file work-v8.cif (mmCIF, C-alpha atoms)
data_coords
loop_
_atom_site.label_atom_id
_atom_site.label_comp_id
_atom_site.auth_asym_id
_atom_site.auth_seq_id
_atom_site.Cartn_x
_atom_site.Cartn_y
_atom_site.Cartn_z
CA MET A 316 -24.88 -11.87 -12.66
CA ASN A 317 -25.16 -12.50 -8.97
CA ALA A 318 -21.66 -12.61 -7.52
CA ALA A 319 -22.82 -15.43 -5.23
CA THR A 320 -22.51 -17.86 -8.14
CA ASN A 321 -18.70 -17.65 -8.21
CA PRO A 322 -16.94 -18.84 -5.02
CA HIS A 323 -13.65 -17.17 -5.97
CA VAL A 324 -15.35 -13.77 -6.42
CA ASN A 325 -17.29 -14.34 -3.22
CA TYR A 326 -14.15 -15.13 -1.27
CA ILE A 327 -12.53 -11.85 -2.40
CA LEU A 328 -15.74 -9.84 -1.82
CA ARG A 329 -15.98 -11.04 1.79
CA LEU A 330 -12.53 -9.60 2.48
CA ALA A 331 -13.18 -6.46 0.42
CA ASP A 332 -16.49 -5.73 2.12
CA GLY A 333 -15.02 -6.28 5.60
CA SER A 334 -12.40 -3.61 4.88
CA LEU A 335 -14.85 -1.26 3.16
CA VAL A 336 -17.57 -1.38 5.80
CA LEU A 337 -15.14 -0.99 8.69
CA ALA A 338 -13.48 1.90 6.82
CA GLN A 339 -16.89 3.57 6.52
CA ARG A 340 -17.61 3.06 10.23
CA LEU A 341 -14.25 4.50 11.31
CA SER A 342 -14.69 7.42 8.90
CA GLU A 343 -17.69 8.46 11.01
CA LEU A 344 -15.12 9.56 13.61
CA CYS A 345 -13.75 12.18 11.21
CA GLY A 346 -14.11 15.48 13.05
CA LYS A 347 -15.86 13.74 15.94
CA GLY A 348 -13.08 11.87 17.75
CA PRO A 349 -12.79 12.38 21.53
CA ALA A 350 -9.62 14.43 20.86
CA LEU A 351 -7.72 15.45 17.74
CA GLU A 352 -5.11 12.65 17.91
CA PRO A 353 -7.45 9.64 18.13
CA ASP A 354 -9.65 11.29 15.50
CA ILE A 355 -6.69 11.45 13.09
CA ALA A 356 -5.53 7.95 14.05
CA LEU A 357 -8.87 6.25 13.45
CA THR A 358 -9.44 8.05 10.17
CA ASN A 359 -5.90 7.13 9.05
CA ILE A 360 -6.73 3.49 9.80
CA ALA A 361 -9.96 3.99 7.84
CA LEU A 362 -7.91 5.26 4.90
CA ASP A 363 -5.69 2.16 4.94
CA LEU A 364 -8.76 -0.08 5.12
CA LEU A 365 -10.28 1.82 2.20
CA GLY A 366 -7.07 1.25 0.26
CA GLN A 367 -7.38 -2.50 0.89
CA ALA A 368 -11.04 -2.41 -0.12
CA ARG A 369 -10.29 -0.61 -3.40
CA LEU A 370 -7.62 -3.14 -4.40
CA LEU A 371 -9.81 -6.10 -3.42
CA LEU A 372 -12.97 -4.77 -5.06
CA SER A 373 -11.11 -4.00 -8.29
CA HIS A 374 -9.72 -7.53 -8.25
CA ALA A 375 -13.17 -9.03 -7.58
CA GLY A 376 -14.62 -7.01 -10.47
CA THR A 377 -11.91 -8.24 -12.82
CA LEU A 378 -12.44 -11.88 -11.75
CA GLU A 379 -16.19 -11.54 -12.14
CA GLY A 380 -15.74 -10.32 -15.72
CA GLN A 381 -19.05 -8.45 -15.87
CA GLY A 382 -17.54 -5.00 -16.27
CA ARG A 383 -18.10 -3.91 -12.67
CA ASP A 384 -15.28 -1.75 -11.28
CA GLU A 385 -14.56 -0.85 -7.63
CA ASP A 386 -17.13 1.97 -7.67
CA ALA A 387 -19.87 -0.20 -9.18
CA LEU A 388 -19.29 -2.80 -6.48
CA ALA A 389 -19.09 -0.30 -3.63
CA TYR A 390 -21.97 1.99 -4.59
CA TRP A 391 -24.41 -0.10 -6.59
CA ARG A 392 -24.85 -3.26 -4.58
CA ASP A 393 -27.55 -3.52 -1.93
CA ALA A 394 -27.13 -4.85 1.61
CA LYS A 395 -27.96 -8.45 0.74
CA ASP A 396 -25.07 -8.52 -1.75
CA PHE A 397 -22.52 -7.28 0.80
CA LEU A 398 -20.51 -10.13 2.32
CA ASN A 399 -18.69 -8.52 5.26
CA PRO A 400 -18.84 -10.17 8.67
CA THR A 401 -21.58 -8.58 10.79
CA LEU A 402 -18.93 -7.45 13.30
CA CYS A 403 -17.73 -4.77 10.85
CA GLU A 404 -21.13 -3.12 10.37
CA LEU A 405 -22.23 -2.76 14.01
CA PRO A 406 -22.60 0.86 15.14
CA ASN A 407 -19.46 2.44 16.62
CA GLY A 408 -20.97 2.93 20.08
CA ASP A 409 -18.66 4.68 22.55
CA PHE A 410 -14.90 5.05 22.08
CA ALA A 411 -14.20 1.75 23.89
CA GLN A 412 -16.52 -0.17 21.59
CA THR A 413 -15.14 1.64 18.51
CA CYS A 414 -11.56 0.66 19.36
CA LEU A 415 -12.34 -2.89 20.49
CA ARG A 416 -14.39 -3.78 17.41
CA ALA A 417 -11.68 -2.50 15.09
CA TYR A 418 -9.03 -4.30 17.18
CA CYS A 419 -10.89 -7.63 16.95
CA TYR A 420 -11.19 -7.34 13.18
CA VAL A 421 -7.71 -6.05 12.31
CA SER A 422 -6.20 -8.77 14.53
CA TRP A 423 -8.12 -11.32 12.46
CA GLN A 424 -6.86 -9.63 9.28
CA ALA A 425 -3.29 -9.81 10.61
CA VAL A 426 -3.58 -13.59 11.06
CA LEU A 427 -5.09 -14.00 7.61
CA TRP A 428 -2.72 -11.63 5.75
CA ALA A 429 0.21 -13.58 7.18
CA GLN A 430 -0.99 -16.70 5.34
CA LEU A 431 -2.31 -15.21 2.09
CA PRO A 432 1.05 -14.38 0.46
CA GLN A 433 1.07 -18.15 -0.28
CA SER A 434 -2.30 -17.88 -2.06
CA SER A 435 -2.71 -19.44 -5.52
CA ASP A 436 -4.26 -16.09 -6.52
CA ALA A 437 -1.20 -13.90 -7.22
CA ALA A 438 -3.16 -10.63 -7.03
CA LEU A 439 -4.62 -11.57 -3.64
CA ALA A 440 -1.15 -12.60 -2.42
CA ALA A 441 0.23 -9.19 -3.43
CA ILE A 442 -2.60 -7.30 -1.71
CA ALA A 443 -2.09 -9.35 1.46
CA ALA A 444 1.67 -8.78 1.53
CA LYS A 445 1.07 -5.05 1.14
CA SER A 446 -1.74 -4.85 3.70
CA CYS A 447 0.12 -6.95 6.27
CA LYS A 448 2.52 -4.11 7.08
CA GLU A 449 -0.25 -1.57 7.58
CA THR A 450 -2.37 -3.96 9.62
CA ARG A 451 0.49 -4.60 12.05
CA TYR A 452 0.49 -0.90 12.92
CA HIS A 453 -3.31 -0.89 13.30
CA CYS A 454 -3.11 -3.83 15.72
CA GLU A 455 -0.49 -2.07 17.82
CA HIS A 456 -2.38 1.20 18.00
CA LEU A 457 -5.82 -0.26 18.70
CA GLY A 458 -4.35 -2.83 21.09
CA ASP A 459 -2.75 0.01 23.03
CA TRP A 460 -6.17 1.65 23.45
CA VAL A 461 -7.81 -1.61 24.54
CA LEU A 462 -5.06 -1.99 27.13
CA ARG A 463 -5.20 1.61 28.36
CA LEU A 464 -8.95 1.72 28.69
CA GLY A 465 -9.34 -1.82 30.04
CA ASP A 466 -6.63 -1.31 32.65
CA GLY A 467 -7.56 2.33 33.17
CA THR A 468 -10.09 4.04 35.40
CA ALA A 469 -13.17 2.33 36.84
CA GLU A 470 -15.26 4.08 34.19
CA SER A 471 -13.02 3.17 31.23
CA HIS A 472 -12.70 -0.42 32.47
CA ALA A 473 -16.47 -0.79 32.81
CA ARG A 474 -17.01 0.58 29.31
CA MET A 475 -14.36 -1.68 27.75
CA GLN A 476 -15.79 -4.73 29.54
CA ARG A 477 -19.30 -3.80 28.35
CA ALA A 478 -17.95 -3.48 24.79
CA LEU A 479 -16.27 -6.88 25.04
CA ASP A 480 -19.42 -8.55 26.35
CA TYR A 481 -21.38 -7.05 23.45
CA LEU A 482 -18.86 -7.67 20.64
CA TYR A 483 -17.30 -10.99 21.56
CA PRO A 484 -20.16 -13.19 20.25
CA TYR A 485 -19.83 -11.51 16.85
CA THR A 486 -16.24 -12.78 16.53
CA ASN A 487 -17.59 -16.36 16.20
CA GLU A 488 -18.48 -15.64 12.59
CA LEU A 489 -14.85 -14.84 11.70
CA PHE A 490 -14.00 -18.53 12.11
CA ASP A 491 -17.04 -20.07 10.41
CA SER A 492 -16.36 -22.06 7.26
CA ASP A 493 -18.97 -22.72 4.58
CA ALA A 494 -18.97 -23.99 0.98
CA THR A 495 -17.31 -20.79 -0.30
CA ASP A 496 -14.46 -21.15 2.17
CA GLU A 497 -14.07 -24.85 1.47
CA ALA A 498 -13.90 -24.18 -2.28
CA ALA A 499 -11.36 -21.41 -1.64
CA ALA A 500 -9.22 -23.65 0.58
CA ALA A 501 -9.39 -26.51 -1.95
CA ALA A 502 -8.24 -24.12 -4.71
CA GLY A 503 -5.36 -22.88 -2.56
CA LEU A 504 -6.79 -19.34 -2.36
CA GLY A 505 -6.56 -19.13 1.40
CA PRO A 506 -6.89 -21.03 4.67
CA LEU A 507 -10.19 -22.25 6.10
CA PRO A 508 -11.36 -19.59 8.58
CA SER A 509 -11.74 -22.26 11.28
CA THR A 510 -7.95 -22.78 11.18
CA LEU A 511 -7.33 -19.11 12.06
CA ALA A 512 -8.97 -19.29 15.49
CA ALA A 513 -5.95 -20.54 17.45
CA ASP A 514 -3.60 -17.86 16.07
CA TRP A 515 -6.17 -15.11 16.64
CA GLN A 516 -6.79 -16.19 20.22
CA ALA A 517 -3.04 -16.41 20.86
CA GLN A 518 -2.77 -12.79 19.81
CA VAL A 519 -5.92 -11.32 21.35
CA LEU A 520 -6.55 -13.20 24.60
CA PRO A 521 -3.23 -12.28 26.33
CA LEU A 522 -3.92 -8.60 25.58
CA LEU A 523 -7.46 -8.81 26.95
CA THR A 524 -6.11 -10.49 30.09
CA GLU A 525 -3.40 -7.84 30.47
CA ALA A 526 -6.14 -5.24 30.09
CA THR A 527 -7.81 -6.87 33.15
CA LEU A 528 -10.87 -7.81 31.09
CA SER A 529 -12.92 -10.98 31.58
CA VAL A 530 -13.29 -12.89 28.33
CA PRO A 531 -16.96 -13.85 27.99
CA ALA A 532 -17.92 -17.52 27.83
CA THR A 533 -18.45 -18.90 24.34
CA VAL A 534 -22.05 -18.64 23.19
CA PRO A 535 -23.84 -20.51 20.38
CA PHE A 536 -24.74 -17.26 18.55
CA HIS A 537 -23.27 -16.97 15.05
CA SER A 538 -23.89 -13.88 12.94
CA THR A 539 -24.32 -14.34 9.18
CA GLY A 540 -23.04 -11.23 7.38
CA ARG A 541 -20.56 -13.22 5.28
CA ARG A 542 -23.55 -15.00 3.76
CA GLY A 543 -25.32 -11.72 2.97
CA VAL A 544 -27.74 -11.86 5.92
CA HIS A 545 -27.00 -8.72 7.89
CA SER A 546 -28.04 -6.74 10.94
CA GLU A 547 -30.27 -3.72 10.52
CA ALA A 548 -27.20 -1.50 10.88
CA LEU A 549 -25.76 -2.23 7.42
CA GLY A 550 -28.67 -0.73 5.47
CA HIS A 551 -28.31 2.57 7.32
CA LEU A 552 -24.55 2.57 6.77
CA LEU A 553 -24.93 1.92 3.03
CA GLY A 554 -27.65 4.57 2.74
CA GLU A 555 -25.13 7.18 3.82
CA MET A 556 -22.18 5.70 1.93
CA GLN A 557 -24.00 5.33 -1.38
CA VAL A 558 -26.30 8.34 -1.48
CA VAL A 559 -24.06 10.70 -3.46
CA ALA A 560 -23.06 8.12 -6.07
CA ARG A 561 -26.70 7.11 -6.58
CA ALA A 562 -28.01 10.69 -6.72
CA HIS A 563 -25.51 11.56 -9.46
CA PRO A 564 -24.88 8.37 -11.47
CA GLY A 565 -21.66 8.48 -13.49
CA ALA A 566 -20.58 11.82 -12.04
CA HIS A 567 -16.88 12.42 -11.53
CA TRP A 568 -14.59 15.33 -10.82
CA MET B 1192 12.12 12.67 -30.63
CA SER B 1193 13.23 9.43 -29.05
CA PHE B 1194 13.62 9.06 -25.33
CA SER B 1195 16.22 7.06 -23.43
CA ALA B 1196 15.52 5.32 -20.12
CA GLU B 1197 18.42 7.29 -18.60
CA ALA B 1198 16.75 10.55 -19.64
CA ALA B 1199 13.44 9.36 -18.19
CA TRP B 1200 15.08 8.47 -14.86
CA ARG B 1201 16.67 11.95 -14.80
CA VAL B 1202 13.26 13.56 -15.34
CA LEU B 1203 11.69 11.43 -12.60
CA GLY B 1204 14.50 12.48 -10.23
CA GLY B 1205 13.07 15.99 -10.51
CA VAL B 1206 9.51 15.00 -9.56
CA PRO B 1207 8.99 15.83 -5.87
CA ASP B 1208 6.87 13.78 -3.50
CA PRO B 1209 3.62 15.79 -3.28
CA GLU B 1210 3.45 15.48 0.53
CA ILE B 1211 7.18 15.80 1.27
CA PRO B 1212 8.62 18.05 -1.47
CA ALA B 1213 12.11 17.86 0.07
CA ILE B 1214 12.57 14.43 -1.52
CA SER B 1215 11.85 13.12 -5.01
CA ILE B 1216 9.75 10.11 -5.92
CA LEU B 1217 13.05 8.33 -6.74
CA ASP B 1218 14.37 9.06 -3.24
CA LEU B 1219 11.16 7.57 -1.87
CA GLY B 1220 11.91 4.36 -3.77
CA ILE B 1221 8.50 3.99 -5.36
CA VAL B 1222 9.63 4.00 -9.02
CA ARG B 1223 10.46 0.38 -9.86
CA VAL B 1224 10.80 0.08 -13.66
CA VAL B 1225 11.20 2.59 -16.49
CA SER B 1226 11.20 1.48 -20.12
CA CYS B 1227 11.23 3.53 -23.30
CA GLU B 1228 10.36 2.84 -26.90
CA ASP B 1229 10.93 5.82 -29.21
CA ASP B 1230 8.98 8.61 -27.53
CA ARG B 1231 6.76 6.33 -25.44
CA VAL B 1232 7.64 5.82 -21.78
CA ALA B 1233 6.27 3.18 -19.42
CA VAL B 1234 6.77 3.68 -15.68
CA THR B 1235 5.98 1.14 -12.97
CA VAL B 1236 5.44 2.50 -9.45
CA THR B 1237 4.56 0.85 -6.15
CA PRO B 1238 2.34 2.68 -3.64
CA THR B 1239 3.69 3.52 -0.18
CA TYR B 1240 0.33 2.84 1.49
CA GLY B 1241 -2.56 1.14 -0.31
CA GLY B 1242 -4.95 3.99 0.40
CA CYS B 1243 -2.48 6.86 0.04
CA PRO B 1244 -4.28 9.63 -1.89
CA ALA B 1245 -0.90 10.97 -3.07
CA THR B 1246 -0.60 7.99 -5.43
CA GLU B 1247 -3.05 9.60 -7.89
CA VAL B 1248 -1.20 12.91 -7.74
CA ILE B 1249 2.14 11.15 -8.30
CA ARG B 1250 0.72 9.40 -11.35
CA GLU B 1251 -0.34 12.75 -12.84
CA ASP B 1252 2.97 14.41 -11.93
CA ILE B 1253 4.93 11.63 -13.66
CA CYS B 1254 2.88 12.04 -16.84
CA LYS B 1255 3.19 15.83 -16.84
CA ALA B 1256 6.96 15.82 -16.19
CA LEU B 1257 7.75 13.26 -18.88
CA GLN B 1258 5.46 14.91 -21.42
CA ALA B 1259 7.04 18.29 -20.72
CA ALA B 1260 10.42 16.65 -21.41
CA GLY B 1261 9.21 15.44 -24.80
CA ALA B 1262 7.62 12.01 -24.23
CA ARG B 1263 4.58 11.56 -26.45
CA GLU B 1264 2.87 8.78 -24.49
CA VAL B 1265 3.35 7.96 -20.83
CA ALA B 1266 1.87 4.83 -19.24
CA VAL B 1267 2.01 4.50 -15.45
CA THR B 1268 1.38 1.05 -14.00
CA VAL B 1269 0.92 0.37 -10.30
CA GLN B 1270 2.60 -2.79 -9.04
CA LEU B 1271 2.11 -4.08 -5.47
CA THR B 1272 4.87 -6.70 -5.28
CA PRO B 1273 7.35 -6.48 -3.71
CA ALA B 1274 5.57 -4.28 -1.18
CA TRP B 1275 7.19 -0.90 -0.53
CA THR B 1276 9.26 -0.56 2.61
CA THR B 1277 10.99 2.36 4.33
CA ASP B 1278 14.15 0.21 4.18
CA TRP B 1279 14.44 1.47 0.58
CA LEU B 1280 15.10 5.04 1.75
CA SER B 1281 18.81 5.77 1.19
CA GLU B 1282 21.01 7.31 3.90
CA ASP B 1283 21.10 10.49 1.81
CA THR B 1284 17.30 10.56 1.67
CA LYS B 1285 17.07 10.05 5.42
CA ALA B 1286 19.47 12.96 5.93
CA ARG B 1287 17.31 15.21 3.74
CA LEU B 1288 14.14 14.15 5.58
CA LYS B 1289 15.84 15.12 8.83
CA ALA B 1290 16.97 18.47 7.43
CA TYR B 1291 13.36 19.06 6.38
CA GLY B 1292 12.23 18.47 9.99
CA ILE B 1293 10.96 14.89 9.70
CA ALA B 1294 12.68 12.25 11.81
CA PRO B 1295 13.57 9.32 9.52
CA PRO B 1296 12.65 5.71 10.46
CA ALA B 1297 14.72 4.72 13.50
CA VAL B 1298 14.53 0.97 12.94
CA ARG B 1299 14.22 -1.40 10.03
CA ALA B 1300 10.73 -2.42 8.94
CA GLY B 1301 9.30 -5.33 10.87
CA GLN B 1302 11.26 -4.43 13.98
CA ALA B 1303 8.56 -1.99 15.11
CA GLN B 1304 7.44 -2.67 18.65
CA PRO B 1305 4.25 -1.86 20.53
CA LEU B 1306 3.96 1.69 21.82
CA ARG B 1307 5.19 0.89 25.31
CA PHE B 1308 8.47 -0.62 24.04
CA ARG B 1309 9.19 1.69 21.11
CA PRO B 1310 12.73 3.01 20.62
CA ARG B 1311 13.44 6.65 21.45
CA ILE B 1312 13.09 8.82 18.38
CA ARG B 1313 15.64 11.62 18.10
CA CYS B 1314 14.47 15.19 17.55
CA PRO B 1315 15.46 16.20 13.99
CA ARG B 1316 16.23 19.72 15.21
CA CYS B 1317 18.28 19.37 18.41
CA GLU B 1318 19.20 15.64 18.34
CA SER B 1319 17.76 15.08 21.79
CA ALA B 1320 16.43 11.57 22.44
CA HIS B 1321 14.22 13.06 25.16
CA THR B 1322 11.06 12.96 23.04
CA GLU B 1323 7.54 11.65 23.33
CA GLN B 1324 4.91 10.48 20.89
CA LEU B 1325 1.91 12.79 20.66
CA ALA B 1326 -0.06 10.66 18.20
CA ALA B 1327 0.53 7.37 16.42
CA PHE B 1328 -0.74 8.87 13.16
CA GLY B 1329 0.02 12.24 11.59
CA ALA B 1330 -1.02 14.45 8.71
CA THR B 1331 -0.26 11.69 6.20
CA ALA B 1332 -0.53 7.91 6.37
CA CYS B 1333 3.26 7.50 6.54
CA LYS B 1334 4.00 9.68 9.58
CA ALA B 1335 3.45 9.89 13.36
CA LEU B 1336 3.52 13.02 15.55
CA PHE B 1337 6.21 13.56 18.20
CA ARG B 1338 7.36 16.34 20.51
CA CYS B 1339 10.85 17.12 21.73
CA LEU B 1340 10.89 17.56 25.51
CA ASP B 1341 14.16 19.55 25.40
CA CYS B 1342 13.69 22.08 22.60
CA LEU B 1343 9.89 21.71 22.95
CA GLU B 1344 9.34 21.64 19.18
CA PRO B 1345 6.81 19.22 17.73
CA PHE B 1346 8.02 17.12 14.80
CA GLU B 1347 6.90 14.35 12.48
CA TYR B 1348 8.34 10.83 12.41
CA PHE B 1349 8.45 8.73 9.24
CA LYS B 1350 7.09 5.37 10.44
CA PRO B 1351 8.99 2.22 9.49
CA ILE B 1352 6.88 -0.21 7.48
#
call {"tool": "encode", "arguments": {"input": "work-v8.cif", "output": "structure tokens"}}
result
Amino acid sequence: MNAATNPHVNYILRLADGSLVLAQRLSELCGKGPALEPDIALTNIALDLLGQARLLLSHAGTLEGQGRDEDALAYWRDAKDFLNPTLCELPNGDFAQTCLRAYCYVSWQAVLWAQLPQSSDAALAAIAAKSCKETRYHCEHLGDWVLRLGDGTAESHARMQRALDYLYPYTNELFDSDATDEAAAAAGLGPLPSTLAADWQAQVLPLLTEATLSVPATVPFHSTGRRGVHSEALGHLLGEMQVVARAHPGAHW
Amino acid sequence: MSFSAEAAWRVLGGVPDPEIPAISILDLGIVRVVSCEDDRVAVTVTPTYGGCPATEVIREDICKALQAAGAREVAVTVQLTPAWTTDWLSEDTKARLKAYGIAPPAVRAGQAQPLRFRPRIRCPRCESAHTEQLAAFGATACKALFRCLDCLEPFEYFKPI
């Protein structure tokens, strides 16, 4: 069965895939961070995101009722069946871009998690209440880096501004609502993404200003990852993430 | 042999946290419900962090310890609500963390502030508040790395969540 036929499953998969794909991106820093501490920090954040993804994927698999567990959903779907926002799959780029992308997404998660404990889906509410605490720490840590680099040296400022100019248009998608979101909102699963924009901006824009960064003008571009139409980057990411599971189907240790 | 819930709790009190063996999984506050029927024991635990790899080890340790004590079947269920918080660490547990060299949470969960306004964390060895954070994340998901600027020893800090 194509998961796209069930709006409830789709709604959960969008959140699960956002966490999973960003976890995979941040895991690329393992052993390659600019220094030991940020290396450990970003991979710790990746671990928390992976924890969210596992809970959400398991829940989606149960709702779907087709016998797919977290591993089946993570390793045996192709790019077109992944429903993460495009923002999460973009390459890490330099350290400024790595931190800013993660900051933009975890800040959005923070706004969403704060509302989901009221969800009509008790399992989703529990996952959100749990994740909320971890996400708050991610926001603080990544926000600190955005501030330090933005309001840092001429070089770090230029890199953070370049990252913001590149990434900011991809945040549009986080607030797009379509039929899946409308069905989810009508069923009391969660808020319409469009209603999250004001809270997200209230959190993010003051920090960007304090970091002496110029917020780019709004552009009409809207990415489409949440509908399964991705950038080229996702296929490469999945190729690496899925290769071992697909080379040795059913293997475990 | 039949098993009482009291006996099961006693056994669980002897199961150390795999990452911080100075405290037990009961001290950590992650065991929520224990129920027994004859020689079958059901244990409900809540994870500290959603992605904490120690959760799998804890599940195995619980099974092994209870089986060694005579339980025939052990079922471990993971429950997310209410979400675990460091506020559940007792004063005694915090004292043992400190004796083990880990600074316990300095504030209640939810009162954590951004890095630039964080409270001073006291060195678990010399009590000095003259310390600095080396890294926001440490060797495990639940800890951050600090350094004492008086005794110069590095130490870990158990983050409030």
call {"tool": "interface_residues", "arguments": {"input": "work-v8.cif", "of": "chain B", "to": "chain A", "cutoff": "6 Å", "atoms": "all atoms listed in the file", "output": "ChimeraX atom specification"}}
result
/B:1241-1242,1271-1272,1274,1305,1326,1328,1352
call {"tool": "resolve_selection", "arguments": {"input": "work-v8.cif", "expression": "the PyMOL selection byres ((chain A and resi 335) around 12)", "output": "mmCIF file with C-alpha atoms, keeping the file's coordinate frame"}}
result
data_model
loop_
_atom_site.group_PDB
_atom_site.id
_atom_site.type_symbol
_atom_site.label_atom_id
_atom_site.label_comp_id
_atom_site.auth_asym_id
_atom_site.auth_seq_id
_atom_site.Cartn_x
_atom_site.Cartn_y
_atom_site.Cartn_z
ATOM 1 C CA LEU A 328 -15.740 -9.840 -1.820
ATOM 2 C CA ARG A 329 -15.980 -11.040 1.790
ATOM 3 C CA LEU A 330 -12.530 -9.600 2.480
ATOM 4 C CA ALA A 331 -13.180 -6.460 0.420
ATOM 5 C CA ASP A 332 -16.490 -5.730 2.120
ATOM 6 C CA GLY A 333 -15.020 -6.280 5.600
ATOM 7 C CA SER A 334 -12.400 -3.610 4.880
ATOM 8 C CA VAL A 336 -17.570 -1.380 5.800
ATOM 9 C CA LEU A 337 -15.140 -0.990 8.690
ATOM 10 C CA ALA A 338 -13.480 1.900 6.820
ATOM 11 C CA GLN A 339 -16.890 3.570 6.520
ATOM 12 C CA ARG A 340 -17.610 3.060 10.230
ATOM 13 C CA LEU A 341 -14.250 4.500 11.310
ATOM 14 C CA SER A 342 -14.690 7.420 8.900
ATOM 15 C CA ILE A 360 -6.730 3.490 9.800
ATOM 16 C CA ALA A 361 -9.960 3.990 7.840
ATOM 17 C CA LEU A 362 -7.910 5.260 4.900
ATOM 18 C CA ASP A 363 -5.690 2.160 4.940
ATOM 19 C CA LEU A 364 -8.760 -0.080 5.120
ATOM 20 C CA LEU A 365 -10.280 1.820 2.200
ATOM 21 C CA GLY A 366 -7.070 1.250 0.260
ATOM 22 C CA GLN A 367 -7.380 -2.500 0.890
ATOM 23 C CA ALA A 368 -11.040 -2.410 -0.120
ATOM 24 C CA ARG A 369 -10.290 -0.610 -3.400
ATOM 25 C CA LEU A 370 -7.620 -3.140 -4.400
ATOM 26 C CA LEU A 371 -9.810 -6.100 -3.420
ATOM 27 C CA LEU A 372 -12.970 -4.770 -5.060
ATOM 28 C CA GLU A 385 -14.560 -0.850 -7.630
ATOM 29 C CA ASP A 386 -17.130 1.970 -7.670
ATOM 30 C CA LEU A 388 -19.290 -2.800 -6.480
ATOM 31 C CA ALA A 389 -19.090 -0.300 -3.630
ATOM 32 C CA TYR A 390 -21.970 1.990 -4.590
ATOM 33 C CA PHE A 397 -22.520 -7.280 0.800
ATOM 34 C CA LEU A 398 -20.510 -10.130 2.320
ATOM 35 C CA ASN A 399 -18.690 -8.520 5.260
ATOM 36 C CA PRO A 400 -18.840 -10.170 8.670
ATOM 37 C CA CYS A 403 -17.730 -4.770 10.850
ATOM 38 C CA GLU A 404 -21.130 -3.120 10.370
ATOM 39 C CA LEU A 549 -25.760 -2.230 7.420
ATOM 40 C CA LEU A 552 -24.550 2.570 6.770
ATOM 41 C CA LEU A 553 -24.930 1.920 3.030
ATOM 42 C CA MET A 556 -22.180 5.700 1.930
ATOM 43 C CA GLY B 1242 -4.950 3.990 0.400
#
call {"tool": "atom_distance", "arguments": {"input": "work-v8.cif", "atom1": "atom CA of Leu415 of chain A", "atom2": "atom CA of Thr510 of chain A"}}
result
22.4 Å
call {"tool": "atom_distance", "arguments": {"input": "work-v8.cif", "atom1": "atom CA of Thr524 of chain A", "atom2": "atom CA of Gly348 of chain A"}}
result
26.5 Å
call {"tool": "closest_residue", "arguments": {"input": "work-v8.cif", "among": "A:Gly503, A:Pro432, A:Gly408, A:Gly540", "to": "Leu479 of chain A", "atoms": "all atoms listed in the file"}}
result
A:Gly408
call {"tool": "build_atoms", "arguments": {"input": "work-v8.cif", "residues": "segment 1316-1324 of chain B", "atoms": "N, CA, C and O atoms", "output": "PDB file, keeping the file's coordinate frame"}}
result
ATOM      1  N   ARG B1316      15.683  18.368  15.084  1.00  0.00           N
ATOM      2  CA  ARG B1316      16.230  19.720  15.210  1.00  0.00           C
ATOM      3  C   ARG B1316      17.393  19.791  16.186  1.00  0.00           C
ATOM      4  O   ARG B1316      18.423  20.367  15.888  1.00  0.00           O
ATOM      5  N   CYS B1317      17.228  19.215  17.394  1.00  0.00           N
ATOM      6  CA  CYS B1317      18.280  19.370  18.410  1.00  0.00           C
ATOM      7  C   CYS B1317      18.938  18.053  18.785  1.00  0.00           C
ATOM      8  O   CYS B1317      19.790  18.030  19.679  1.00  0.00           O
ATOM      9  N   GLU B1318      18.560  16.945  18.123  1.00  0.00           N
ATOM     10  CA  GLU B1318      19.200  15.640  18.340  1.00  0.00           C
ATOM     11  C   GLU B1318      18.858  15.002  19.674  1.00  0.00           C
ATOM     12  O   GLU B1318      19.331  13.908  19.978  1.00  0.00           O
ATOM     13  N   SER B1319      18.082  15.662  20.496  1.00  0.00           N
ATOM     14  CA  SER B1319      17.760  15.080  21.790  1.00  0.00           C
ATOM     15  C   SER B1319      16.941  13.798  21.615  1.00  0.00           C
ATOM     16  O   SER B1319      16.075  13.715  20.755  1.00  0.00           O
ATOM     17  N   ALA B1320      17.237  12.798  22.454  1.00  0.00           N
ATOM     18  CA  ALA B1320      16.430  11.570  22.440  1.00  0.00           C
ATOM     19  C   ALA B1320      15.314  11.676  23.482  1.00  0.00           C
ATOM     20  O   ALA B1320      14.572  10.725  23.707  1.00  0.00           O
ATOM     21  N   HIS B1321      15.232  12.821  24.125  1.00  0.00           N
ATOM     22  CA  HIS B1321      14.220  13.060  25.160  1.00  0.00           C
ATOM     23  C   HIS B1321      12.945  13.548  24.463  1.00  0.00           C
ATOM     24  O   HIS B1321      12.657  14.742  24.439  1.00  0.00           O
ATOM     25  N   THR B1322      12.231  12.607  23.849  1.00  0.00           N
ATOM     26  CA  THR B1322      11.060  12.960  23.040  1.00  0.00           C
ATOM     27  C   THR B1322       9.884  12.090  23.446  1.00  0.00           C
ATOM     28  O   THR B1322      10.061  11.052  24.089  1.00  0.00           O
ATOM     29  N   GLU B1323       8.702  12.499  23.069  1.00  0.00           N
ATOM     30  CA  GLU B1323       7.540  11.650  23.330  1.00  0.00           C
ATOM     31  C   GLU B1323       6.602  11.662  22.124  1.00  0.00           C
ATOM     32  O   GLU B1323       6.562  12.634  21.360  1.00  0.00           O
ATOM     33  N   GLN B1324       5.874  10.559  21.985  1.00  0.00           N
ATOM     34  CA  GLN B1324       4.910  10.480  20.890  1.00  0.00           C
ATOM     35  C   GLN B1324       3.641  11.207  21.292  1.00  0.00           C
ATOM     36  O   GLN B1324       3.093  10.977  22.375  1.00  0.00           O
TER      37      GLN B1324
END
